[in-house]
Structures are given as C-alpha cells and as structure tokens.
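Okay, so here's the structure we're looking at.
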Amino acid sequence: MNAPTPDPRASRDPRASRDSGARPDSGARPDSGARPDPGTPWYPGTGTPRRAPSLTRPDGTPVRVLVVDDDPDLAEVLSGALRYEGWEVRTACDGASAAAAARELLPDAVVLDVMLPDTDGFAVLRDLHTVLPGVCVLFLTARDAVEDRIAGITAGGDDYVTKPFSLEEVVARLRGLLRRAGMARRVDEGPRLVVGDLSMDEEAREVTRGGDLIELSPTEFELLRFLMRNPRRVLSKAQILDRVWSYDFGGQAHVVELYISYLRKKVDAGREPMIHTVRGAGYVIKPAAAR
C-alpha cells in the first residue's frame with residue numbers, strides 16, 4: 001500500500017516569503033476576538049464571511065480597496081480580511097494590472113507592495129495619482145530601513161507597514177487613513193458627510209464649517225453634497241451637470257462654473273480653500289491644507 005504523498009505546504013514556514021521573510025500567517029483570522037463559525041470557509045472564493053461594516057464611504061456604499069501584490073497567498077489573505085470588514089476589494093499582481101483595476105474600481109485606498117515583477121510600487125503610485133490624486137496608499141515591504149520608509153512617504157504614500165505584520169494592524173491603519181482623509185465615516189454617525197472641518201447633515205440639510213453655519217440654496221446644497229460624497233475625487237462638469245441638474249452635458253459648463261463660484265464664496269470665504277479647480281478635468285473638494 002502506497003504511503004500518502006505529503007502536502008508540501010505542511011512543512012513550509014507560513015511566514016516565509018519571496019522577499020526576505022515575511023507575510024502574515026495565512027491561517028490567521030482578521031479579527032482577534034470572536035471568529036466566524038469554524039465550519040464556514042474563510043478564504044475568498046470559498047464563502048468569505050462578512051460582518052456588518054463599521055466604516056463606509058460618505059454616501060453609505062462600501063469602502064473600495066485595491067490590493068497590489070504579486071504573492072497570491074498574501075493578496076488572498078489581505079483581501080479576505082478586508083472583505084470581512086464589508087469592503088469591496090480588488091486585487092492586482094503587477095503594475096499594469098494595478099493601473100487597469102484602479103481605473104475600473106476607483107478605490108478609496110490602495111495596499112501597495114513596493115516590490116513588483118514589472119516595476120516598483122513608487123512608479124505605480126505615480127500612475128495612480130494621475131487618475132486618483134487623493135487616494136490613500138498604504139505601502140507594504142520587507143524593507144524596514146529608515147531610508148526606505150522615507151522613500152515611501154516622499155513618493156506620496158500615506159503610511160508604511162513592514163513585513164511581517166498582523167492583519168488587524170493593516171485594517172486599523174486603513175481605517176485611520178480613510179477617516180483622516182474624509183473618505184469614509186462610521187456607520188453609527190448617521191446621515192452626516194464630513195470633509196475636513198466641513199460637515200453636512202443630509203437630513204437636517206444643515207452645513208457647517210468649523211462650527212459656523214453656512215446658508216445654501218437648494219442647488220448649492222445638492223452641488224456641495226455631490227462634491228462631499230466624492231472627497232478628493234475630480235468630478236467633471238459633465239458628471240456634475242448629470243448628477244445635480246439631471247441633464248446631459250451640452251454647452252452648459254457656465255452653469256457649473258457659476259455655482260462653484262457661489263459655493264466658494266460661502267464655504268471658502270476667509271478660510272483655507274477646500275474647493276479646487278483641476279484645469280481641463282473638473283473640480284475636487286478636499287480638507288484644507290494646514291497652515
């Protein structure tokens with residue numbers, strides 16, 4: 001009788017990786033407390049369980065995250081942990097597929113490995129910023145030297161995690177990045193949009209900045225709401241016309257320009273500007289730069 005063939009994965013160190021050591025334990029669960037039913041498969045594609053999201057985009061839809069790593073096991077574990085949060089997740093294995101996925105998904109955050117087969121994470125980040133200038137980026141790398149951390153932040157990354165890491169740490173850092181950028185809110189916060197010190201109560205139809213009430217006309221309110229539901233995203237005049245005025249773009253750009261000027265006089269007057277023009281592309285709202 002032939003002896004069963006041993007599973008080559010059984011003796012492999014689960015933290016071993018292609019780049020100096022390190023990936024999280026592929027058997028780890030995304031939370032450190034209560035776990036999903038042990039009988040329920042956890043990995044993506046086999047019935048990944050979800051819990052009610054504690055964090056959503058400002059418009060109430062799931063947070064969107066792109067995971068870029070050429071290690072399929074690591075990408076699977078990370079995407080599973082993020083899906084468990086109730087977020088929408090897409091994965092990419094190299095720079096080219098990351099660019100394509102970003103254009104399709106329009107992610108709020110990207111978990112980006114520095115070492116990729118066709119390029120490096122810094123080059124990918126530069127490409128991402130041409131499409132999504134305000135996207136939050138969390139770099140992953142096995143390099144923990146100070147100069148490597150500085151390179152990641154200098155390139156435009158928002159945070160930096162070295163391998164090995166815990167899934168809980170990655171999720172917690174993403175939550176913090178998204179909330180600080182005004183790109184997500186807690187579910188229990190109610191129907192309120194917040195970007196920097198600008199706040200909108202959608203039910204009460206009240207807008208404040210720095211605690212000061214701002215009076216808006218119905219059209220100004222709808223325009224500001226559309227901008228605030230898409231913080232750090234460049235919105236074209238055609239998109240704004242279609243969403244706020246509900247008709248197709250057809251030479252009415254002056255309407256958008258006029259109402260943007262009205263909003264600026266009320267939202268930005270005497271303060272650091274939040275509403276910006278991106279020449280040839282449209283308009284974007286983002287937290288005011290610190291003085």
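How things are named: the first chain in the structure tokens is A, the next is B, and so on; residues count from 1 in each chain; ligands count from 1 in the order shown.
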
Within 12 Å of region 230-240 of chain A, which residues of region 75-123 of chain A show up? Give each one with its shortest atom-to-atom distance in Å (one decimal) and the two atoms involved, counting only C-alpha atoms, rows by chain then rising residue number, as JSON lines.
```
{"residue": "A:Leu106", "atom": "CA", "partner": "A:Arg233", "partner_atom": "CA", "distance": 9.1}
{"residue": "A:Pro107", "atom": "CA", "partner": "A:Arg233", "partner_atom": "CA", "distance": 10.3}
{"residue": "A:Asp108", "atom": "CA", "partner": "A:Arg232", "partner_atom": "CA", "distance": 9.3}
{"residue": "A:Ala109", "atom": "CA", "partner": "A:Arg232", "partner_atom": "CA", "distance": 11.6}
```

Based on the selection just made, write C-alpha atoms of those residues as a PDB file, in the first residue's frame.
```pdb
ATOM      1  CA  LEU A 106     -11.785  53.932  -8.394  1.00  0.00           C
ATOM      2  CA  PRO A 107     -10.552  52.773  -4.970  1.00  0.00           C
ATOM      3  CA  ASP A 108     -10.604  54.854  -1.804  1.00  0.00           C
ATOM      4  CA  ALA A 109      -7.393  53.176  -0.640  1.00  0.00           C
TER       5      ALA A 109
END
```

Inset, instruction - Mind checking which residues fall within 12 Å of Val256 (chain A), counting only C-alpha atoms, ignoring those fewer than 5 positions away in the same chain, and posting them as an NGL selection string? - result: :A and (219-220 or 222-224 or 235-245 or 249-251 or 261-263 or 277 or 282-283)

Distance query Ser79 (chain A) at most 10 Å, only C-alpha atoms, self and fewer than 3 positions along chain excluded, as a JSON list (two decimals) with N, CA, C and O atoms, in the first residue's frame:
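File written: around-v1.json
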```json
[["chain", "number", "residue", "atom", "x", "y", "z"],
["A", 43, "TYR", "N", -11.56, 31.75, 3.31],
["A", 43, "TYR", "CA", -10.80, 32.33, 2.20],
["A", 43, "TYR", "C", -11.70, 32.82, 1.09],
["A", 43, "TYR", "O", -12.76, 32.27, 0.84],
["A", 44, "PRO", "N", -11.27, 33.88, 0.38],
["A", 44, "PRO", "CA", -12.04, 34.41, -0.73],
["A", 44, "PRO", "C", -12.32, 33.33, -1.76],
["A", 44, "PRO", "O", -11.48, 32.48, -2.05],
["A", 48, "THR", "N", -16.24, 33.60, 1.85],
["A", 48, "THR", "CA", -15.68, 34.52, 2.84],
["A", 48, "THR", "C", -16.79, 35.19, 3.64],
["A", 48, "THR", "O", -17.65, 35.84, 3.07],
["A", 65, "VAL", "N", -11.19, 49.10, -1.87],
["A", 65, "VAL", "CA", -9.75, 48.95, -1.64],
["A", 65, "VAL", "C", -9.14, 48.09, -2.74],
["A", 65, "VAL", "O", -9.70, 47.05, -3.11],
["A", 66, "LEU", "N", -8.01, 48.53, -3.24],
["A", 66, "LEU", "CA", -7.23, 47.76, -4.21],
["A", 66, "LEU", "C", -5.99, 47.22, -3.52],
["A", 66, "LEU", "O", -5.24, 47.98, -2.91],
["A", 67, "VAL", "N", -5.79, 45.90, -3.59],
["A", 67, "VAL", "CA", -4.61, 45.24, -3.02],
["A", 67, "VAL", "C", -3.68, 44.85, -4.16],
["A", 67, "VAL", "O", -4.08, 44.11, -5.06],
["A", 68, "VAL", "N", -2.44, 45.37, -4.12],
["A", 68, "VAL", "CA", -1.47, 45.10, -5.19],
["A", 68, "VAL", "C", -0.28, 44.36, -4.61],
["A", 68, "VAL", "O", 0.50, 44.92, -3.85],
["A", 73, "ASP", "N", -0.82, 34.27, -2.33],
["A", 73, "ASP", "CA", -1.25, 33.88, -0.99],
["A", 73, "ASP", "C", -1.45, 35.11, -0.11],
["A", 73, "ASP", "O", -2.43, 35.23, 0.62],
["A", 74, "LEU", "N", -0.50, 36.02, -0.17],
["A", 74, "LEU", "CA", -0.60, 37.24, 0.62],
["A", 74, "LEU", "C", -1.79, 38.07, 0.18],
["A", 74, "LEU", "O", -2.55, 38.59, 1.01],
["A", 75, "ALA", "N", -1.97, 38.22, -1.14],
["A", 75, "ALA", "CA", -3.10, 39.00, -1.65],
["A", 75, "ALA", "C", -4.42, 38.38, -1.21],
["A", 75, "ALA", "O", -5.37, 39.10, -0.87],
["A", 76, "GLU", "N", -4.48, 37.04, -1.18],
["A", 76, "GLU", "CA", -5.70, 36.34, -0.78],
["A", 76, "GLU", "C", -6.02, 36.60, 0.69],
["A", 76, "GLU", "O", -7.16, 36.88, 1.05],
["A", 82, "LEU", "N", -10.07, 42.25, 4.42],
["A", 82, "LEU", "CA", -10.76, 43.49, 4.08],
["A", 82, "LEU", "C", -12.21, 43.23, 3.68],
["A", 82, "LEU", "O", -13.11, 44.02, 4.00],
["A", 83, "ARG", "N", -12.46, 42.12, 3.00],
["A", 83, "ARG", "CA", -13.85, 41.76, 2.69],
["A", 83, "ARG", "C", -14.63, 41.44, 3.95],
["A", 83, "ARG", "O", -15.83, 41.69, 4.03],
["A", 84, "TYR", "N", -13.93, 40.89, 4.92],
["A", 84, "TYR", "CA", -14.58, 40.61, 6.21],
["A", 84, "TYR", "C", -15.09, 41.90, 6.84],
["A", 84, "TYR", "O", -16.06, 41.89, 7.60],
["A", 85, "GLU", "N", -14.42, 43.02, 6.54],
["A", 85, "GLU", "CA", -14.88, 44.33, 7.04],
["A", 85, "GLU", "C", -16.11, 44.83, 6.30],
["A", 85, "GLU", "O", -16.66, 45.86, 6.66],
["A", 87, "TRP", "N", -15.95, 45.52, 3.02],
["A", 87, "TRP", "CA", -15.46, 46.42, 1.99],
["A", 87, "TRP", "C", -15.42, 45.72, 0.64],
["A", 87, "TRP", "O", -15.34, 44.50, 0.55],
["A", 88, "GLU", "N", -15.44, 46.51, -0.42],
["A", 88, "GLU", "CA", -15.29, 45.99, -1.78],
["A", 88, "GLU", "C", -13.81, 45.97, -2.11],
["A", 88, "GLU", "O", -13.13, 46.99, -2.00],
["A", 89, "VAL", "N", -13.30, 44.79, -2.52],
["A", 89, "VAL", "CA", -11.86, 44.62, -2.70],
["A", 89, "VAL", "C", -11.56, 44.05, -4.08],
["A", 89, "VAL", "O", -12.25, 43.17, -4.57],
["A", 90, "ARG", "N", -10.52, 44.59, -4.69],
["A", 90, "ARG", "CA", -9.99, 44.08, -5.95],
["A", 90, "ARG", "C", -8.50, 43.83, -5.76],
["A", 90, "ARG", "O", -7.85, 44.57, -4.99],
["A", 91, "THR", "N", -7.95, 42.83, -6.44],
["A", 91, "THR", "CA", -6.52, 42.55, -6.33],
["A", 91, "THR", "C", -5.85, 42.70, -7.69],
["A", 91, "THR", "O", -6.48, 42.57, -8.74],
["A", 111, "VAL", "N", -3.55, 49.17, -0.99],
["A", 111, "VAL", "CA", -2.50, 48.49, -0.24],
["A", 111, "VAL", "C", -1.48, 48.05, -1.29],
["A", 111, "VAL", "O", -1.78, 47.22, -2.15]]
```

Legend entry - Neighbour list for Ile214 (chain A) as a list in words, cut-off 10 Å, only C-alpha atoms, skip fewer than 2 positions in-chain: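 Once the adjacent positions are removed, what remains is Leu198, Ser199, Met200, Glu206, Val207, Thr208, Arg209, Gly211, Asp212, Leu216, Leu263, Lys266 and Val267 of chain A.
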
Emit the selected residues as a PDB file, in the first residue's frame, including N, CA and C atoms.
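Just written: part_12.pdb:
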```
ATOM      1  N   LEU A 198     -15.478  70.698   7.353  1.00  0.00           N
ATOM      2  CA  LEU A 198     -16.772  70.946   6.715  1.00  0.00           C
ATOM      3  C   LEU A 198     -17.688  69.764   6.990  1.00  0.00           C
ATOM      4  N   SER A 199     -18.886  70.044   7.478  1.00  0.00           N
ATOM      5  CA  SER A 199     -19.817  68.984   7.863  1.00  0.00           C
ATOM      6  C   SER A 199     -21.195  69.268   7.270  1.00  0.00           C
ATOM      7  N   MET A 200     -21.859  68.211   6.792  1.00  0.00           N
ATOM      8  CA  MET A 200     -23.195  68.338   6.221  1.00  0.00           C
ATOM      9  C   MET A 200     -24.117  67.304   6.840  1.00  0.00           C
ATOM     10  N   GLU A 206     -28.323  70.875   6.916  1.00  0.00           N
ATOM     11  CA  GLU A 206     -27.504  71.916   7.529  1.00  0.00           C
ATOM     12  C   GLU A 206     -26.031  71.676   7.184  1.00  0.00           C
ATOM     13  N   VAL A 207     -25.340  72.768   6.919  1.00  0.00           N
ATOM     14  CA  VAL A 207     -23.917  72.702   6.594  1.00  0.00           C
ATOM     15  C   VAL A 207     -23.161  73.639   7.526  1.00  0.00           C
ATOM     16  N   THR A 208     -22.086  73.130   8.110  1.00  0.00           N
ATOM     17  CA  THR A 208     -21.245  73.967   8.967  1.00  0.00           C
ATOM     18  C   THR A 208     -19.787  73.793   8.568  1.00  0.00           C
ATOM     19  N   ARG A 209     -19.014  74.825   8.781  1.00  0.00           N
ATOM     20  CA  ARG A 209     -17.567  74.723   8.621  1.00  0.00           C
ATOM     21  C   ARG A 209     -16.917  75.346   9.841  1.00  0.00           C
ATOM     22  N   GLY A 211     -17.726  74.788  12.729  1.00  0.00           N
ATOM     23  CA  GLY A 211     -18.799  75.097  13.668  1.00  0.00           C
ATOM     24  C   GLY A 211     -19.697  76.236  13.233  1.00  0.00           C
ATOM     25  N   ASP A 212     -19.329  76.955  12.180  1.00  0.00           N
ATOM     26  CA  ASP A 212     -20.138  78.084  11.699  1.00  0.00           C
ATOM     27  C   ASP A 212     -21.153  77.595  10.669  1.00  0.00           C
ATOM     28  N   LEU A 216     -27.175  77.760   2.396  1.00  0.00           N
ATOM     29  CA  LEU A 216     -27.059  77.402   0.987  1.00  0.00           C
ATOM     30  C   LEU A 216     -28.436  77.314   0.337  1.00  0.00           C
ATOM     31  N   LEU A 263     -20.495  78.622  -4.291  1.00  0.00           N
ATOM     32  CA  LEU A 263     -20.081  77.781  -3.163  1.00  0.00           C
ATOM     33  C   LEU A 263     -18.787  78.279  -2.542  1.00  0.00           C
ATOM     34  N   LYS A 266     -19.147  81.023  -0.139  1.00  0.00           N
ATOM     35  CA  LYS A 266     -19.782  80.674   1.138  1.00  0.00           C
ATOM     36  C   LYS A 266     -18.945  79.689   1.959  1.00  0.00           C
ATOM     37  N   VAL A 267     -18.329  78.727   1.297  1.00  0.00           N
ATOM     38  CA  VAL A 267     -17.588  77.675   2.006  1.00  0.00           C
ATOM     39  C   VAL A 267     -16.146  78.095   2.291  1.00  0.00           C
TER      40      VAL A 267
END
```

Inset, instruction - Pick out the closest residue to Val170 (chain A) from this set: A:Ala123, A:Val278, A:Leu258, A:Val110. Count only C-alpha atoms. - result: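 Using only C-alpha atoms, the shortest distance to Val170 (chain A) belongs to A:Val110.
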
Using only C-alpha atoms, determine which residues lie at most 10 Å from Asp59 (chain A), disregarding the query and same-chain residues fewer than 4 positions distant; provide the list as a JSON list (two decimals) with N, CA, C and O atoms, in the first residue's frame.
```json
[["chain", "number", "residue", "atom", "x", "y", "z"],
["A", 63, "VAL", "N", -16.61, 50.78, 1.36],
["A", 63, "VAL", "CA", -15.27, 51.28, 1.09],
["A", 63, "VAL", "C", -14.64, 50.42, 0.01],
["A", 63, "VAL", "O", -14.81, 49.19, -0.01],
["A", 183, "MET", "N", -12.68, 60.26, 3.58],
["A", 183, "MET", "CA", -13.20, 59.39, 2.53],
["A", 183, "MET", "C", -14.07, 58.27, 3.07],
["A", 183, "MET", "O", -14.55, 57.42, 2.32],
["A", 184, "ALA", "N", -14.28, 58.24, 4.39],
["A", 184, "ALA", "CA", -15.12, 57.22, 4.99],
["A", 184, "ALA", "C", -15.67, 57.76, 6.31],
["A", 184, "ALA", "O", -15.15, 58.70, 6.89],
["A", 185, "ARG", "N", -16.76, 57.13, 6.75],
["A", 185, "ARG", "CA", -17.37, 57.54, 8.01],
["A", 185, "ARG", "C", -17.85, 56.29, 8.75],
["A", 185, "ARG", "O", -18.09, 55.25, 8.14],
["A", 191, "PRO", "N", -26.61, 60.18, 8.98],
["A", 191, "PRO", "CA", -26.51, 60.74, 7.62],
["A", 191, "PRO", "C", -25.72, 62.04, 7.59],
["A", 191, "PRO", "O", -26.25, 63.10, 7.27],
["A", 192, "ARG", "N", -24.47, 61.98, 7.96],
["A", 192, "ARG", "CA", -23.63, 63.18, 8.00],
["A", 192, "ARG", "C", -22.39, 62.97, 7.15],
["A", 192, "ARG", "O", -21.71, 61.95, 7.25],
["A", 193, "LEU", "N", -22.12, 63.94, 6.29],
["A", 193, "LEU", "CA", -20.91, 63.92, 5.47],
["A", 193, "LEU", "C", -19.90, 64.87, 6.11],
["A", 193, "LEU", "O", -20.25, 65.97, 6.52],
["A", 225, "ARG", "N", -23.23, 68.59, -1.78],
["A", 225, "ARG", "CA", -23.41, 67.20, -1.36],
["A", 225, "ARG", "C", -22.72, 66.25, -2.33],
["A", 225, "ARG", "O", -22.06, 65.29, -1.91],
["A", 226, "PHE", "N", -22.85, 66.51, -3.63],
["A", 226, "PHE", "CA", -22.19, 65.65, -4.62],
["A", 226, "PHE", "C", -20.67, 65.70, -4.47],
["A", 226, "PHE", "O", -19.99, 64.68, -4.52],
["A", 228, "MET", "N", -19.03, 66.44, -1.68],
["A", 228, "MET", "CA", -18.65, 65.84, -0.40],
["A", 228, "MET", "C", -18.82, 64.33, -0.39],
["A", 228, "MET", "O", -18.17, 63.64, 0.38],
["A", 229, "ARG", "N", -19.70, 63.82, -1.22],
["A", 229, "ARG", "CA", -19.85, 62.36, -1.32],
["A", 229, "ARG", "C", -18.71, 61.74, -2.11],
["A", 229, "ARG", "O", -18.56, 60.51, -2.14],
["A", 230, "ASN", "N", -17.92, 62.58, -2.74],
["A", 230, "ASN", "CA", -16.79, 62.11, -3.54],
["A", 230, "ASN", "C", -15.53, 62.90, -3.18],
["A", 230, "ASN", "O", -14.91, 63.52, -4.05]]
```

Inset, instruction - Taking the chain letters and numbering used in this document, name the residues of region 54-278 of chain A that DSSP puts in strand (DSSP E or B), as a ChimeraX atom specification. - result: /A:55-56,64-68,88-92,109-113,115,120,136-141,159-162,185-186,192-195,198-201,206-209,212-214,235,275-278

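Taking CA of Gly210 (chain A) as the reference point, CA of Leu227 (chain A) is found at 18.0 Å.
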